[in-house]
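Structure record follows, encoded as structure tokens.
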Amino acid sequence: MSPVETFLSKSEEQEIVQAILKAERYTSGEIRVHIEAHTDVDHFERAKEVFFLLKMNNTKDENGVLIYVAVNDRKFVIYGDRGIDKVSPTNFWETTRDAIESQFKLGNFKQGIINGVLAAGTELKAHFPWNPDDINELSNEISKG
């Protein structure tokens, strides 16, 4: 099995999907998680590429967030759409980064992703609160490359 397939169990993946549902309950923002083994390009550039491949740039309020993980490289990136950049402070993603990083350092990858998803949801809620006419614009499933 590939490192991507063994990185998280099926039940851990479902726990992450549940965290995405919980985080999106309070914001119109859209959160996705993408996991792949390795990239030969800069991790930020790869996250940006995946963001567009997943069509995350097509949300109504330009408020999609991708948590990208390169398993073998031991790297992750949080990539947010331009609608978020327009309204957020420079250090907007520090809380989310810290929530992921602290758990990853301990080898708690599932919990790191869950903490990151929930932190991203909290950050998004401040600028993109949920309203009754919101629809779920993107899949909540984990994508893999």
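Simple scheme: letters A, B, ... for chains in structure tokens order, numbers from 1 for residues in each chain, numbers from 1 for ligands in the order shown.
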Q) Counting only C-alpha atoms, what is within 7 Å of region 81-94 of chain A, bar same-chain residues fewer than 2 positions away, as a list in words? A) Asn57, Asp61, Glu62, Asn63, Gly64, Val65, Tyr79, Thr96, Arg97 and Asp98 of chain A
Could you save the residues just selected, with N, CA and C atoms, as a CSV table (one decimal), in the first residue's frame?
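Result file part.csv:
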```csv
chain,number,residue,atom,x,y,z
A,57,ASN,N,-11.6,27.3,-6.4
A,57,ASN,CA,-11.7,28.7,-6.7
A,57,ASN,C,-13.0,29.1,-7.3
A,61,ASP,N,-18.2,33.1,-2.7
A,61,ASP,CA,-17.5,34.1,-2.0
A,61,ASP,C,-16.0,34.0,-2.0
A,62,GLU,N,-15.5,33.2,-2.8
A,62,GLU,CA,-14.0,33.0,-2.9
A,62,GLU,C,-13.4,32.7,-1.6
A,63,ASN,N,-14.1,31.8,-0.8
A,63,ASN,CA,-13.7,31.5,0.5
A,63,ASN,C,-13.4,30.0,0.8
A,64,GLY,N,-12.8,29.4,-0.2
A,64,GLY,CA,-12.3,28.0,0.0
A,64,GLY,C,-11.0,27.9,0.7
A,65,VAL,N,-10.8,26.9,1.5
A,65,VAL,CA,-9.5,26.6,2.2
A,65,VAL,C,-9.1,25.2,2.0
A,79,TYR,N,-3.9,26.7,2.2
A,79,TYR,CA,-4.1,27.6,1.1
A,79,TYR,C,-5.5,28.1,1.1
A,96,THR,N,-4.5,28.2,12.7
A,96,THR,CA,-4.7,26.9,12.0
A,96,THR,C,-3.4,26.1,11.9
A,97,ARG,N,-2.4,26.8,11.5
A,97,ARG,CA,-1.1,26.2,11.3
A,97,ARG,C,-0.6,25.6,12.6
A,98,ASP,N,-0.7,26.4,13.7
A,98,ASP,CA,-0.2,25.9,15.0
A,98,ASP,C,-1.0,24.7,15.5
```
Q.
I'd like to know which residues of region 70-130 of chain A are strand (DSSP E or B) (by DSSP, run on the backbone); could you write them as JSON, numbers by chain?
A. {"A": [70, 75, 76, 77, 78, 79, 80, 129]}
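The list of residues with at least one atom within 7 Å of Ile78 (chain A), based on only C-alpha atoms and without residues fewer than 3 positions apart in the same chain, reads A:Val65, A:Leu66, A:Ile67, A:Tyr68.
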Go ahead and write the selection's residues with C-alpha atoms as a PDB file, in the first residue's frame.
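New file again.pdb:
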```pdb
ATOM      1  CA  VAL A  65      -9.533  26.631   2.195  1.00  0.00           C
ATOM      2  CA  LEU A  66      -7.317  23.685   1.333  1.00  0.00           C
ATOM      3  CA  ILE A  67      -5.262  21.810   3.896  1.00  0.00           C
ATOM      4  CA  TYR A  68      -2.631  20.081   1.771  1.00  0.00           C
TER       5      TYR A  68
END
```
(Q) Residues near Leu118 (chain A), anyone? I mean within 10 Å using only C-alpha atoms, not counting same-chain ones fewer than 3 positions away, as a list in words. (A) Ile16, Ala19, Ile20, Leu21, Lys22, Ala23, Glu24, Ile31, Thr96, Ala99, Gly112, Ile113, Ile114, Asn115, Gly121, Thr122, Glu123 and Leu124 of chain A
Q | Best match for closeness to Arg74 (chain A) among A:Val17, A:Ile142, A:Met1, A:Ile35, counting only C-alpha atoms | A | A:Ile35
(Q) Residues within 12 Å of Thr6 (chain A), please, as a PyMOL selection string. Count only C-alpha atoms; anything in the same chain fewer than 4 positions from it doesn't count. (A) chain A and resi 1-2+10-13+35-37+71-72+109-110+144
Q.
So the first atom is CA of Ser28 (chain A) and the second is CA of Ala120 (chain A); what is the distance between them in Å, to one decimal place?
A. 11.9 Å
Q: Enumerate the residues of chain A with a DSSP assignment of helix (DSSP H, G or I), computed from the backbone, and present them as number ranges by chain.
A: A: 3-7, 10-24, 43-53, 56-58, 82-87, 94-105, 109-127
Q. Suppose you want the space between CA of Val50 (chain A) and CA of Trp130 (chain A); what is it in Å?
A. 25.4 Å
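In this structure, CA of Phe104 (chain A) sits 9.6 Å away from CA of Lys75 (chain A).
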